[in-house]
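Participant: I have a structure here, written as structure tokens, and I will follow up with some questions on it.
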Amino acid sequence: MSTNEKKATGDAHTLDDHLFGDFYPHEHGPDADHDHDDIDPGPLEDNPIWQQDNVSLRSVGVDIGSAGTQVAFSGIHLRRQGEDLSSRYLVVERETLFQSPVHLTPYADEQRIDERRLGEIIDLAYAHSGLLPQDIDTGVVILTGEALRRENAEGIARVLAEKGGEFVTATAGHHMESLLAAYGSGAARLSHERRACILNVDIGGGTTKLALIRDGHIEWTAALHVGGRLAVAERRRIVRLDPAGAHHARRAGLDWAVGSRVAAGDFERVALGMADVLLEAITAARPSRAVLDLYLTEPPPPVSDLDGVVFSGGVAEYVYGNEQRDFGDLGVALGAVLRERALAGRFGAALLPATERIRATVLGASEYSTQLSGNTSTITSAAKVLPRRNLQVLKPELSLDAAIDAEAVAQAIRRRYAAFDLDPARDEVALAIEWRGPPAYARIRALAEGIRAALAERLRAGATLYVMLDGDIAQTLGAILREELGVTAEMLVIDGIVLRDFDFIDLGKIRLPSFTVPVTIKSLTFRDDPRGPRRERIHHRASTNGHARHGHDHSHDHAHRHGAPHRHLSHEHDH
């Protein structure tokens with residue numbers, strides 16, 4: 001019935017007049033409400049426009065540490081920076097959905113983690129959370145500290161990741177743990193809010209992780225062999241002794257072995273020595289060789305102009321006076337002496353509060369472990385290029401501040417491959433490019449020509465091209481490569497992602513309707529850390545480096561560029 005027919009018959013104007021595609025004219029009576037504010041538009045979250053700019057993810061973090069194992073589930077809300085004409089997504093809200101109790105990490109013996117008991121801990125966490133693996137969008141299983149030394153650590157991490165959800169990844173490494181702890185403890189947020197230089201000191205069962213944060217940016221991370229559970233006693237007898245624990249005992253004049261009797265005051269003597277090591281590592285301009293030998297990474301630069309120190313990890317519960325129980329290890333004694341020295345200002349700065357202590361790493365893993373790409377990407381065939389796991393990142397040293405020279409770009413890419421002993425024709429990597437300057441066509445074209453020239457042999461063979469950009473030029477760059485430069489190989493060019501050398505990434509499936517790609521950044525360092533030259537450890541000399549595929553040693557300047565704040569769900573988290 002037309003509007004005129006309705007008018008003639010006296011029929012009231014209805015919603016049918018506004019049906020999609022019906023543009024015939026209609027009239028309203030004198031009492032009609034032309035705004036139609038009586039129509040319920042439904043929840044905002046169901047609006048397609050809102051869904052394109054807002055993405056919600058469920059994430060899991062599983063932290064298997066030297067002393068404790070715990071699981072955390074988080075809800076993360078990301079929003080596109082539309083007001084800044086950017087396709088980048090930033091975390092605007094986080095919600096902790098469930099945190100498991102902290103369980104002692106189960107060991108079968110000195111060589112292996114108890115797989116069955118560990119599986120029961122993880123299964124129990126999922127059951128109590130009310131979540132199923134299929135409910136999880138992303139997340140990380142991270143093995144840290146002494147748990148990394150066990151021969152089945154890598155296999156356990158991989159299996160748990162595969163069973164944990166659609167896109168949960170396995171990661172390990174001292175730098176990664178240092179970074180996650182700094183964000184999970186609240187130190188990064190505090191540094192951002194106060195525009196301050198803060199040192200986060202994460203002390204777990206087997207290792208201490210250091211992270212220097214300036215104005216919310218991580219400047220460097222490091223780790224050394226100081227921990228609260230390097231020696232464990234029952235009924236005054238040593239029942240567990242890690243190599244580093246025996247080392248610290250010898251420094252204190254004690255010849256410990258499993259079964260040795262622990263006299264009154266022995267734990268305090270060892271803890272005092274470990275505190276001395278930590279204090280020297282943090283405050284000395286030139287630490288002694290004895291301290292340098294305890295580093296599990298390359299030693300960091302000297303610490304200066306500190307505004308505050310934040311402690312996290314299990315020992316931090318004693319530093320802040322939140323735990324009084326004695327678990328038969330060094331934690332009570334170590335926490336007591338560190339608290340005394342921190343309150344006395346011996347670390348060169350005030351002791352600042354931590355929002356999370358023993359849970360810092362697991363919350364960091366569940367909330368700060370993924371980035372989300374922008375929605376202006378070039379993906380030629382999603383089914384062929386996604387998902388993708390364990391893609392090594394190379395970040396060429398490019399000067400993109402002024403005019404871009406295509407040949408210089410090609411040479412920089414080739415040099416980066418050579419520095420990592422990789423072959424551009426054979427080895428698949430993700431090129432990470434830090435875009436600077438205006439998105440002028442001539443500049444983007446020169447960048448595209450440089451990429452094509454550097455990878456010409458690879459592209460002619462039809463191998464997939466992966467390019468990760470922090471600036472919003474992915475769609476244009478991809479179009480130039482495809483339509484103007486004749487690159488017929490499959491390609492994935494995405495933006496809104498901040499990466500660096502030594503990262504490895506997993507790429508998830510495209511999320512609709514936002515047309516974004518989850519990118520999980522991780523480290524695949526089991527047994528050893530690839531970010532510096534191989535070093536002789538106090539517990540063993542590594543026979544292999546453990547680098548994900550090649551086992552090469554590379555220098556690392558410790559200058560982490562993780563965007564302000566760290567994003568792993570847009571490598572830029574809000575503070």
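Chain labels A, B, ... are given in the sequence in which chains occur in the structure tokens; within each chain residues are numbered consecutively from 1, and ligands are likewise numbered from 1 in the order shown.
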Please provide as a PyMOL selection string all residues within 12 Å of Gly164 of chain A, with the sequence filter that same-chain residues fewer than 5 positions apart are discarded (counting only C-alpha atoms).

Facilitator: chain A and resi 58-62+71+73+119+122-123+125-126+131-141+156-159+169-170

Participant: Once you have the residues from the selection above, write them out as an mmCIF file, in the first residue's frame, restricted to N, CA and C atoms.

Facilitator:
data_model
loop_
_atom_site.group_PDB
_atom_site.id
_atom_site.type_symbol
_atom_site.label_atom_id
_atom_site.label_comp_id
_atom_site.auth_asym_id
_atom_site.auth_seq_id
_atom_site.Cartn_x
_atom_site.Cartn_y
_atom_site.Cartn_z
ATOM 1 N N ARG A 58 39.001 -12.614 24.528
ATOM 2 C CA ARG A 58 39.261 -13.321 25.774
ATOM 3 C C ARG A 58 40.661 -13.904 25.683
ATOM 4 N N SER A 59 41.465 -13.673 26.704
ATOM 5 C CA SER A 59 42.858 -14.088 26.682
ATOM 6 C C SER A 59 43.180 -14.920 27.915
ATOM 7 N N VAL A 60 44.130 -15.846 27.755
ATOM 8 C CA VAL A 60 44.589 -16.656 28.874
ATOM 9 C C VAL A 60 46.091 -16.501 29.014
ATOM 10 N N GLY A 61 46.560 -16.476 30.226
ATOM 11 C CA GLY A 61 47.985 -16.501 30.520
ATOM 12 C C GLY A 61 48.275 -17.672 31.453
ATOM 13 N N VAL A 62 49.230 -18.500 31.067
ATOM 14 C CA VAL A 62 49.655 -19.625 31.900
ATOM 15 C C VAL A 62 51.124 -19.413 32.217
ATOM 16 N N VAL A 71 47.291 -19.578 36.464
ATOM 17 C CA VAL A 71 46.554 -19.312 35.235
ATOM 18 C C VAL A 71 45.672 -18.097 35.466
ATOM 19 N N PHE A 73 42.700 -15.549 33.326
ATOM 20 C CA PHE A 73 41.874 -15.277 32.156
ATOM 21 C C PHE A 73 41.472 -13.805 32.191
ATOM 22 N N GLY A 119 49.162 -30.822 33.967
ATOM 23 C CA GLY A 119 47.918 -30.823 33.198
ATOM 24 C C GLY A 119 46.692 -30.708 34.076
ATOM 25 N N ILE A 122 46.163 -27.047 35.083
ATOM 26 C CA ILE A 122 45.599 -26.238 34.005
ATOM 27 C C ILE A 122 44.124 -26.591 33.789
ATOM 28 N N ASP A 123 43.804 -27.888 33.759
ATOM 29 C CA ASP A 123 42.415 -28.306 33.565
ATOM 30 C C ASP A 123 41.521 -27.751 34.667
ATOM 31 N N ALA A 125 41.931 -25.017 36.368
ATOM 32 C CA ALA A 125 41.734 -23.579 36.171
ATOM 33 C C ALA A 125 40.640 -23.322 35.143
ATOM 34 N N TYR A 126 40.668 -24.050 34.043
ATOM 35 C CA TYR A 126 39.613 -23.884 33.035
ATOM 36 C C TYR A 126 38.258 -24.247 33.615
ATOM 37 N N LEU A 131 35.235 -21.294 31.591
ATOM 38 C CA LEU A 131 35.584 -21.077 30.198
ATOM 39 C C LEU A 131 36.101 -22.362 29.580
ATOM 40 N N LEU A 132 35.842 -22.515 28.294
ATOM 41 C CA LEU A 132 36.338 -23.648 27.528
ATOM 42 C C LEU A 132 37.421 -23.163 26.576
ATOM 43 N N PRO A 133 38.287 -24.050 26.121
ATOM 44 C CA PRO A 133 39.314 -23.618 25.165
ATOM 45 C C PRO A 133 38.751 -22.892 23.959
ATOM 46 N N GLN A 134 37.577 -23.307 23.495
ATOM 47 C CA GLN A 134 36.997 -22.648 22.325
ATOM 48 C C GLN A 134 36.509 -21.228 22.631
ATOM 49 N N ASP A 135 36.448 -20.877 23.917
ATOM 50 C CA ASP A 135 36.063 -19.513 24.288
ATOM 51 C C ASP A 135 37.251 -18.554 24.257
ATOM 52 N N ILE A 136 38.459 -19.073 24.114
ATOM 53 C CA ILE A 136 39.668 -18.261 24.229
ATOM 54 C C ILE A 136 40.125 -17.807 22.848
ATOM 55 N N ASP A 137 40.337 -16.504 22.696
ATOM 56 C CA ASP A 137 40.771 -15.943 21.417
ATOM 57 C C ASP A 137 42.286 -15.902 21.273
ATOM 58 N N THR A 138 42.980 -15.699 22.363
ATOM 59 C CA THR A 138 44.423 -15.530 22.289
ATOM 60 C C THR A 138 45.016 -15.780 23.671
ATOM 61 N N GLY A 139 46.331 -15.829 23.749
ATOM 62 C CA GLY A 139 46.962 -16.018 25.047
ATOM 63 C C GLY A 139 48.347 -16.600 24.915
ATOM 64 N N VAL A 140 48.973 -16.810 26.056
ATOM 65 C CA VAL A 140 50.364 -17.252 26.093
ATOM 66 C C VAL A 140 50.557 -18.270 27.207
ATOM 67 N N VAL A 141 51.296 -19.338 26.895
ATOM 68 C CA VAL A 141 51.853 -20.244 27.908
ATOM 69 C C VAL A 141 53.328 -19.897 28.006
ATOM 70 N N ILE A 156 56.019 -29.464 26.687
ATOM 71 C CA ILE A 156 54.875 -29.142 27.545
ATOM 72 C C ILE A 156 54.244 -27.825 27.118
ATOM 73 N N ALA A 157 55.069 -26.815 26.896
ATOM 74 C CA ALA A 157 54.538 -25.514 26.488
ATOM 75 C C ALA A 157 53.768 -25.623 25.186
ATOM 76 N N ARG A 158 54.293 -26.379 24.245
ATOM 77 C CA ARG A 158 53.637 -26.512 22.947
ATOM 78 C C ARG A 158 52.292 -27.221 23.073
ATOM 79 N N VAL A 159 52.257 -28.306 23.839
ATOM 80 C CA VAL A 159 51.002 -29.057 24.000
ATOM 81 C C VAL A 159 49.952 -28.215 24.714
ATOM 82 N N THR A 169 49.742 -19.365 22.323
ATOM 83 C CA THR A 169 51.091 -19.657 21.868
ATOM 84 C C THR A 169 52.003 -20.006 23.034
ATOM 85 N N ALA A 170 53.084 -20.683 22.696
ATOM 86 C CA ALA A 170 54.088 -21.049 23.690
ATOM 87 C C ALA A 170 55.249 -20.070 23.617
#

Participant: Write out as number ranges by chain the residues lying within 10 Å of Gly478 of chain A, counting only C-alpha atoms and excluding same-chain residues fewer than 6 positions away.

Facilitator: A: 377-380, 444, 448, 467, 484-485, 487, 491-494

Participant: Restricted to C-alpha atoms, what would the selected residues look like written as a CSV table (one decimal), in the first residue's frame?

Facilitator:
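For reference, result32.csv as written:
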chain,number,residue,atom,x,y,z
A,377,SER,CA,45.7,-4.1,5.4
A,378,THR,CA,46.6,-6.0,2.2
A,379,ILE,CA,45.9,-9.7,2.5
A,380,THR,CA,45.7,-11.3,-0.9
A,444,ILE,CA,55.8,4.5,-0.4
A,448,ALA,CA,57.9,-1.0,-2.3
A,467,VAL,CA,55.4,-7.1,6.0
A,484,GLU,CA,52.1,-1.4,-10.1
A,485,LEU,CA,55.2,-3.5,-9.5
A,487,VAL,CA,54.3,-8.9,-7.5
A,491,MET,CA,51.3,-11.2,0.5
A,492,LEU,CA,50.2,-10.1,3.9
A,493,VAL,CA,50.9,-6.4,4.6
A,494,ILE,CA,49.4,-5.2,7.9

Participant: Quick one: everything within 7 Å of segment 412-420 of chain A, counting only C-alpha atoms, minus sequence neighbours fewer than 5 positions away in the same chain. Send it as an MDAnalysis selection string.

Facilitator: chainID A and resid 394 396:398 454

Participant: Those selected residues, please, written with all heavy atoms and delivered as a compact mmCIF listing (two decimals), in the first residue's frame.

Facilitator:
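Listed below is the output, out_28.txt:
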# COMPACT_ATOMS: atom_id res chain seq x y z
N LEU A 394 62.45 -9.77 11.26
CA LEU A 394 63.66 -9.02 10.93
C LEU A 394 63.28 -7.55 10.78
O LEU A 394 62.32 -7.23 10.08
CB LEU A 394 64.29 -9.51 9.63
CG LEU A 394 65.02 -10.85 9.61
CD1 LEU A 394 65.74 -11.02 8.28
CD2 LEU A 394 66.01 -10.96 10.76
N PRO A 396 64.88 -4.29 9.39
CA PRO A 396 65.99 -3.61 8.73
C PRO A 396 66.19 -2.21 9.28
O PRO A 396 65.24 -1.54 9.70
CB PRO A 396 65.55 -3.56 7.26
CG PRO A 396 64.37 -4.44 7.15
CD PRO A 396 63.77 -4.58 8.50
N GLU A 397 67.44 -1.78 9.29
CA GLU A 397 67.76 -0.44 9.76
C GLU A 397 67.56 0.52 8.59
O GLU A 397 68.44 0.73 7.76
CB GLU A 397 69.19 -0.39 10.28
CG GLU A 397 69.39 -1.25 11.52
CD GLU A 397 70.81 -1.19 12.05
OE1 GLU A 397 71.66 -0.51 11.42
OE2 GLU A 397 71.08 -1.82 13.07
N LEU A 398 66.38 1.12 8.53
CA LEU A 398 66.00 2.00 7.43
C LEU A 398 65.93 3.45 7.91
O LEU A 398 65.50 3.72 9.03
CB LEU A 398 64.63 1.60 6.87
CG LEU A 398 64.51 0.17 6.32
CD1 LEU A 398 63.07 -0.11 5.93
CD2 LEU A 398 65.43 -0.02 5.13
N ALA A 454 64.98 -6.43 -3.00
CA ALA A 454 65.69 -7.25 -2.01
C ALA A 454 65.23 -8.69 -2.03
O ALA A 454 66.02 -9.62 -1.79
CB ALA A 454 65.51 -6.66 -0.62

Participant: List as a PyMOL selection string the protein and nucleic acid residues near Glu120 of chain A, meaning an atom at most 12 Å away when only C-alpha atoms are counted, but skip any in the same chain fewer than 2 places from it.

Facilitator: chain A and resi 69-70+103+105-106+114-118+122-127+160

Participant: Got a sec: who's within 10 Å of Ala244 of chain A, counting only C-alpha atoms, leaving out chain neighbours fewer than 2 positions off, as a list of chain:residue names?

Facilitator: A:Glu146, A:Gly206, A:Thr207, A:His225, A:Val226, A:Gly227, A:Leu230, A:Ala231, A:Leu241, A:Asp242, A:Ala246, A:His247, A:His248, A:Ala249, A:Arg250, A:Leu294, A:Arg537, A:Ile538, A:His539

Participant: Apply DSSP to the backbone of this structure and, from segment 138-206 of chain A, keep only the residues in alpha helix (DSSP H); write these as a PyMOL selection string.

Facilitator: chain A and resi 153-164+174-184+187-194

Participant: Go ahead and write the selection's residues with N, CA, C and O atoms as a compact mmCIF listing (two decimals), in the first residue's frame.

Facilitator:
# COMPACT_ATOMS: atom_id res chain seq x y z
N ALA A 153 60.41 -29.15 28.87
CA ALA A 153 59.75 -27.85 28.99
C ALA A 153 59.13 -27.40 27.68
O ALA A 153 57.97 -26.97 27.63
N GLU A 154 59.88 -27.52 26.60
CA GLU A 154 59.38 -27.03 25.31
C GLU A 154 58.16 -27.83 24.85
O GLU A 154 57.17 -27.27 24.37
N GLY A 155 58.22 -29.13 25.00
CA GLY A 155 57.10 -29.96 24.59
C GLY A 155 55.85 -29.67 25.40
O GLY A 155 54.74 -29.62 24.86
N ILE A 156 56.02 -29.46 26.69
CA ILE A 156 54.88 -29.14 27.54
C ILE A 156 54.24 -27.83 27.12
O ILE A 156 53.02 -27.71 27.01
N ALA A 157 55.07 -26.82 26.90
CA ALA A 157 54.54 -25.51 26.49
C ALA A 157 53.77 -25.62 25.19
O ALA A 157 52.69 -25.04 25.03
N ARG A 158 54.29 -26.38 24.25
CA ARG A 158 53.64 -26.51 22.95
C ARG A 158 52.29 -27.22 23.07
O ARG A 158 51.28 -26.79 22.50
N VAL A 159 52.26 -28.31 23.84
CA VAL A 159 51.00 -29.06 24.00
C VAL A 159 49.95 -28.21 24.71
O VAL A 159 48.78 -28.17 24.31
N LEU A 160 50.36 -27.54 25.79
CA LEU A 160 49.40 -26.70 26.51
C LEU A 160 48.88 -25.58 25.64
O LEU A 160 47.71 -25.20 25.71
N ALA A 161 49.75 -25.01 24.79
CA ALA A 161 49.31 -23.95 23.90
C ALA A 161 48.29 -24.46 22.89
O ALA A 161 47.27 -23.82 22.64
N GLU A 162 48.55 -25.65 22.33
CA GLU A 162 47.64 -26.20 21.33
C GLU A 162 46.28 -26.54 21.93
O GLU A 162 45.24 -26.44 21.26
N LYS A 163 46.25 -26.94 23.19
CA LYS A 163 45.00 -27.32 23.83
C LYS A 163 44.31 -26.16 24.54
O LYS A 163 43.17 -26.27 24.96
N GLY A 164 45.02 -25.03 24.66
CA GLY A 164 44.50 -23.93 25.47
C GLY A 164 43.46 -23.07 24.81
O GLY A 164 42.74 -22.35 25.48
N HIS A 174 63.95 -15.00 29.33
CA HIS A 174 64.12 -14.06 30.43
C HIS A 174 63.68 -12.65 30.05
O HIS A 174 63.09 -11.94 30.86
N HIS A 175 63.99 -12.21 28.82
CA HIS A 175 63.58 -10.87 28.42
C HIS A 175 62.05 -10.76 28.37
O HIS A 175 61.47 -9.77 28.80
N MET A 176 61.42 -11.78 27.80
CA MET A 176 59.97 -11.76 27.72
C MET A 176 59.34 -11.72 29.11
O MET A 176 58.42 -10.95 29.37
N GLU A 177 59.85 -12.54 30.01
CA GLU A 177 59.29 -12.56 31.37
C GLU A 177 59.52 -11.23 32.07
O GLU A 177 58.64 -10.72 32.77
N SER A 178 60.69 -10.64 31.88
CA SER A 178 60.98 -9.34 32.49
C SER A 178 59.97 -8.30 32.04
O SER A 178 59.46 -7.50 32.83
N LEU A 179 59.70 -8.31 30.75
CA LEU A 179 58.79 -7.33 30.18
C LEU A 179 57.37 -7.54 30.69
O LEU A 179 56.68 -6.60 31.10
N LEU A 180 56.89 -8.79 30.66
CA LEU A 180 55.53 -9.07 31.12
C LEU A 180 55.36 -8.73 32.59
O LEU A 180 54.32 -8.21 33.00
N ALA A 181 56.38 -9.02 33.40
CA ALA A 181 56.30 -8.70 34.82
C ALA A 181 56.21 -7.20 35.05
O ALA A 181 55.49 -6.73 35.93
N ALA A 182 56.95 -6.42 34.25
CA ALA A 182 56.93 -4.96 34.41
C ALA A 182 55.55 -4.39 34.14
O ALA A 182 55.12 -3.44 34.80
N TYR A 183 54.84 -4.97 33.17
CA TYR A 183 53.49 -4.50 32.90
C TYR A 183 52.48 -5.07 33.88
O TYR A 183 51.58 -4.37 34.35
N GLY A 184 52.63 -6.34 34.21
CA GLY A 184 51.69 -6.96 35.13
C GLY A 184 51.76 -6.39 36.53
O GLY A 184 50.75 -6.35 37.25
N ALA A 187 54.24 -1.42 37.27
CA ALA A 187 55.38 -0.50 37.23
C ALA A 187 55.36 0.34 35.96
O ALA A 187 55.68 1.54 36.00
N ALA A 188 55.00 -0.25 34.82
CA ALA A 188 54.96 0.52 33.58
C ALA A 188 53.89 1.60 33.64
O ALA A 188 54.10 2.73 33.21
N ARG A 189 52.73 1.26 34.18
CA ARG A 189 51.67 2.26 34.33
C ARG A 189 52.12 3.39 35.24
O ARG A 189 51.91 4.57 34.94
N LEU A 190 52.74 3.04 36.35
CA LEU A 190 53.21 4.04 37.30
C LEU A 190 54.25 4.95 36.65
O LEU A 190 54.24 6.17 36.84
N SER A 191 55.16 4.36 35.89
CA SER A 191 56.17 5.16 35.21
C SER A 191 55.53 6.12 34.22
O SER A 191 55.95 7.28 34.09
N HIS A 192 54.51 5.65 33.52
CA HIS A 192 53.81 6.51 32.55
C HIS A 192 53.07 7.65 33.25
O HIS A 192 53.16 8.81 32.83
N GLU A 193 52.36 7.31 34.30
CA GLU A 193 51.56 8.33 35.00
C GLU A 193 52.43 9.39 35.65
O GLU A 193 52.08 10.57 35.66
N ARG A 194 53.56 8.98 36.21
CA ARG A 194 54.43 9.91 36.93
C ARG A 194 55.53 10.49 36.07
O ARG A 194 56.30 11.32 36.55

Participant: Calculate how many Å separate atom CA of Val362 of chain A from atom CA of Asp63 of chain A, rounding to one decimal.

Facilitator: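 These two atoms are separated by 5.2 Å.
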
Participant: Find the residues near segment 305-311 of chain A: any atom within 9 Å, counting only C-alpha atoms, skip ones fewer than 6 places away on the same chain, and give them as a PyMOL selection string.

Facilitator: chain A and resi 182+185-187+191+196-203+317+319-320+342+347-354+357

Participant: Could you please determine the separation between atom CA of Arg452 of chain A and atom CA of Arg511 of chain A in Å, to one decimal place?

Facilitator: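 Separating atom CA of Arg452 of chain A from atom CA of Arg511 of chain A is a distance of 28.5 Å.
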
Participant: Just list the residues in segment 78-322 of chain A DSSP gives strand (DSSP E) on the backbone, as a PyMOL selection string.

Facilitator: chain A and resi 78-80+89-99+103-104+138-143+168-172+197-203+208-214+217-224+231-234+237-241+308-312

Participant: Find the residues around Glu95 of chain A up to 7 Å (only C-alpha atoms counted), leave out those fewer than 5 positions away in its own chain, and share them as a PyMOL selection string.

Facilitator: chain A and resi 74-76

Participant: Figure out the distance between atom CA of Ala108 of chain A and atom CA of Gly259 of chain A, please, to one decimal in Å.

Facilitator: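 Interatomic distance here is 17.7 Å.
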